[in-house]
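Student: My questions will all concern the structure given below.
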Amino acid sequence: MLKELDQLIELQKIDNQLIEIKELKGELPQLVEQLENEIKELKEANQNHKERVKEIDKLTRKAEREIEDLEQKQDKYEDQLYLVTSNKEYDAITAEIETVKKKISENEYKILEWEEEEENLEEQIKSNKIDLEEKEKKLSKNKKKLEKTKKKTGAKTEKLKEKRKKVVQNISKRHLREYNRIAGARGGKAIVPAIQRYYPHEDKKGNIEYEPGEVSCSLCYKIVPPQKAVDLRSNDHILRCESCGRLLYWDDEESRVYGEEDEEEII
Ligand SMILES: [Zn+2]
């Protein structure tokens, strides 16, 4: 067998095991990361909300003090109204009173607005807290699951990765690029065995005999033309499936399939 073909098959066998491990972990790594991000965002949001609430309290207190001062001023002006001696003076004090009243009502309006904002913030803080608790529970559950799977598969993954590094060194850059390209586009399966089905039939004496069918790709079942099938068996060429583009090889054990089976096309 072509040495490089042998190494490509070896690489695929390693990758198949890595794919299995990845499938075992499923969506867990992404889910854990997503939950961690969401929790961080919720915590940050609540931190900001709480700071704003503090700021509003400060602003409100300041506005209340201002109102008190203004009310005192208003009282003073109103007292002065009794003592005026001219219309001009009367108008001037009345104008001052109006200005003070306007300032008071401006402050009162601001306080009302802040009250409303604070209420909304408190509500948000509360609902974020509930959200946060739920997400933290979910996170710890999924983290445990992921840890368990990692414990089970960690050592095996490391070994496979080490083995993979060595195998990759024996493959030319060109073939490695092709392998990666096909694997990326075809669900991780870049090189697959071709298969030849053997169909059973009874001879005149009642013995079961197997008759070979055509050779095809084992994943998409595209038939390999007879001349190419001869080359394929020699395993000294790298052949591509005409339909799915995967690399094909022949393996006496894997490639001979006896009897009929339901075929599920994998593209
Ligand atoms: Zn194919």
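Ordering of the structure tokens sets the chain letters (A, B, ...), residue numbers begin anew at 1 in every chain, and ligands are numbered from 1 in the order given.
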To check your reading of the model: which residues sit at most 12 Å from ligand 1 when counting only C-alpha atoms and all ligand atoms? Write the answer as a ChimeraX atom specification.
Tutor: /A:182,186,189-195,215-224,239-249,265-267
Student: Which of range 120-255 of chain A end up as alpha helix (DSSP H) when DSSP is run on this backbone - answer as JSON, numbers by chain?
Tutor: {"A": [120, 121, 122, 123, 124, 125, 126, 127, 128, 129, 130, 131, 132, 133, 134, 135, 136, 137, 138, 139, 140, 141, 142, 143, 144, 145, 146, 147, 148, 149, 150, 151, 152, 153, 154, 155, 156, 157, 158, 159, 160, 161, 162, 163, 164, 165, 166, 167, 168, 169, 173, 174, 175, 176, 177, 178, 179, 180, 181, 182, 183, 184, 185, 226, 227, 228, 229, 230, 231, 232, 233, 234, 252, 253, 254, 255]}
Student: Could you please determine the separation between CA of Ala229 in chain A and CA of Asp252 in chain A in Å, to one decimal place?
Tutor: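 Between these atoms lies a distance of 13.1 Å.
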Student: Determine, counting only C-alpha atoms, which protein, DNA and RNA residues have an atom within 12 Å of an atom of Leu121 in chain A; residues of the same chain fewer than 5 positions away are not included. Present the result as a PDB file with N, CA and C atoms, in the first residue's frame.
Tutor:
```
ATOM      1  N   ALA A  45     -24.788  44.187  34.708  1.00  0.00           N
ATOM      2  CA  ALA A  45     -25.989  45.030  34.590  1.00  0.00           C
ATOM      3  C   ALA A  45     -26.477  45.423  35.974  1.00  0.00           C
ATOM      4  N   ASN A  46     -26.548  44.436  36.884  1.00  0.00           N
ATOM      5  CA  ASN A  46     -27.027  44.746  38.231  1.00  0.00           C
ATOM      6  C   ASN A  46     -26.089  45.683  38.977  1.00  0.00           C
ATOM      7  N   GLN A  47     -24.793  45.507  38.757  1.00  0.00           N
ATOM      8  CA  GLN A  47     -23.824  46.407  39.379  1.00  0.00           C
ATOM      9  C   GLN A  47     -24.091  47.841  38.924  1.00  0.00           C
ATOM     10  N   ASN A  48     -24.287  47.998  37.609  1.00  0.00           N
ATOM     11  CA  ASN A  48     -24.576  49.336  37.057  1.00  0.00           C
ATOM     12  C   ASN A  48     -25.888  49.895  37.599  1.00  0.00           C
ATOM     13  N   HIS A  49     -26.910  49.033  37.652  1.00  0.00           N
ATOM     14  CA  HIS A  49     -28.214  49.474  38.162  1.00  0.00           C
ATOM     15  C   HIS A  49     -28.079  49.973  39.605  1.00  0.00           C
ATOM     16  N   LYS A  50     -27.328  49.197  40.406  1.00  0.00           N
ATOM     17  CA  LYS A  50     -27.197  49.562  41.822  1.00  0.00           C
ATOM     18  C   LYS A  50     -26.462  50.892  41.961  1.00  0.00           C
ATOM     19  N   GLU A  51     -25.455  51.073  41.133  1.00  0.00           N
ATOM     20  CA  GLU A  51     -24.728  52.349  41.191  1.00  0.00           C
ATOM     21  C   GLU A  51     -25.635  53.515  40.816  1.00  0.00           C
ATOM     22  N   ARG A  52     -26.469  53.284  39.810  1.00  0.00           N
ATOM     23  CA  ARG A  52     -27.401  54.336  39.383  1.00  0.00           C
ATOM     24  C   ARG A  52     -28.405  54.648  40.508  1.00  0.00           C
ATOM     25  N   VAL A  53     -28.879  53.604  41.195  1.00  0.00           N
ATOM     26  CA  VAL A  53     -29.815  53.809  42.306  1.00  0.00           C
ATOM     27  C   VAL A  53     -29.169  54.700  43.372  1.00  0.00           C
ATOM     28  N   LYS A  54     -27.900  54.390  43.685  1.00  0.00           N
ATOM     29  CA  LYS A  54     -27.174  55.198  44.678  1.00  0.00           C
ATOM     30  C   LYS A  54     -27.085  56.650  44.212  1.00  0.00           C
ATOM     31  N   ILE A  56     -29.057  58.180  42.152  1.00  0.00           N
ATOM     32  CA  ILE A  56     -30.389  58.800  42.213  1.00  0.00           C
ATOM     33  C   ILE A  56     -30.719  59.234  43.638  1.00  0.00           C
ATOM     34  N   TRP A 114     -36.983  60.637  38.915  1.00  0.00           N
ATOM     35  CA  TRP A 114     -35.993  59.718  39.498  1.00  0.00           C
ATOM     36  C   TRP A 114     -36.662  58.573  40.238  1.00  0.00           C
ATOM     37  N   GLU A 115     -37.781  58.889  40.916  1.00  0.00           N
ATOM     38  CA  GLU A 115     -38.514  57.839  41.630  1.00  0.00           C
ATOM     39  C   GLU A 115     -38.933  56.739  40.660  1.00  0.00           C
ATOM     40  N   GLU A 116     -39.449  57.199  39.528  1.00  0.00           N
ATOM     41  CA  GLU A 116     -39.914  56.245  38.520  1.00  0.00           C
ATOM     42  C   GLU A 116     -38.741  55.413  37.989  1.00  0.00           C
ATOM     43  N   LYS A 126     -34.317  42.922  40.552  1.00  0.00           N
ATOM     44  CA  LYS A 126     -34.989  41.747  41.087  1.00  0.00           C
ATOM     45  C   LYS A 126     -35.100  40.649  40.024  1.00  0.00           C
ATOM     46  N   SER A 127     -35.553  41.028  38.837  1.00  0.00           N
ATOM     47  CA  SER A 127     -35.755  39.994  37.812  1.00  0.00           C
ATOM     48  C   SER A 127     -34.405  39.444  37.338  1.00  0.00           C
ATOM     49  N   ASN A 128     -33.376  40.304  37.305  1.00  0.00           N
ATOM     50  CA  ASN A 128     -32.045  39.810  36.959  1.00  0.00           C
ATOM     51  C   ASN A 128     -31.534  38.806  37.978  1.00  0.00           C
TER      52      ASN A 128
END
```
Student: Do you have the CA of Lys103 in chain A-CA of Glu68 in chain A distance handy?
Tutor: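 CA of Glu68 in chain A lies at a distance of 11.3 Å from CA of Lys103 in chain A.
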Student: I'd like to know which of A:Lys156, A:Arg233, A:Lys102, A:Arg164 is closest to Lys22 in chain A, using only C-alpha atoms.
Tutor: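 Distance minimum relative to Lys22 in chain A lands on A:Lys156.
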Student: Using only C-alpha atoms, which of the listed residues (A:Gln196, A:Thr153, A:Ser105, A:Gln17) sits closest to Val257 in chain A?
Tutor: A:Gln196
Student: Between CA of Ile104 in chain A and CA of Thr85 in chain A, measure the distance and give it in Å to one decimal.
Tutor: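 Spanning CA of Ile104 in chain A to CA of Thr85 in chain A is a straight-line distance of 27.6 Å.
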Student: Determine the nearest neighbour of Lys173 in chain A from the options A:Ile208, A:Ser234, A:Ala95, A:Glu4, counting only C-alpha atoms.
Tutor: A:Glu4
Student: For Glu209 in chain A, work out the shell of residues within 6 Å, counting only C-alpha atoms and skipping chain neighbours fewer than 2 positions away, then give it as a ChimeraX atom specification.
Tutor: /A:200-202
Student: Restricting the calculation to only C-alpha atoms, which member of A:Ile111, A:Leu83, A:Ala183, A:Val32 is positioned closest to Glu147 in chain A?
Tutor: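 Under the stated criterion, the closest residue is A:Val32.
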Student: List the spatial neighbours of Glu134 in chain A as a CSV table (one decimal) with C-alpha atoms, in the first residue's frame - criterion: any atom at most 12 Å away, only C-alpha atoms, same-chain residues fewer than 6 positions off excluded.
Tutor:
```
chain,number,residue,atom,x,y,z
A,35,LEU,CA,-24.0,30.6,30.4
A,38,GLU,CA,-24.8,35.6,30.3
A,39,ILE,CA,-24.1,35.4,34.0
A,42,LEU,CA,-26.3,40.0,34.3
A,127,SER,CA,-35.8,40.0,37.8
A,128,ASN,CA,-32.0,39.8,37.0
A,140,SER,CA,-23.1,24.2,37.7
A,141,LYS,CA,-25.2,21.3,36.5
```
Student: Select, from A:Lys163, A:Lys129, A:Lys62, A:Lys144, the residue with the minimum atom-to-atom distance to Ile14 in chain A, counting only C-alpha atoms.
Tutor: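 Closest residue, counting only C-alpha atoms: A:Lys163.
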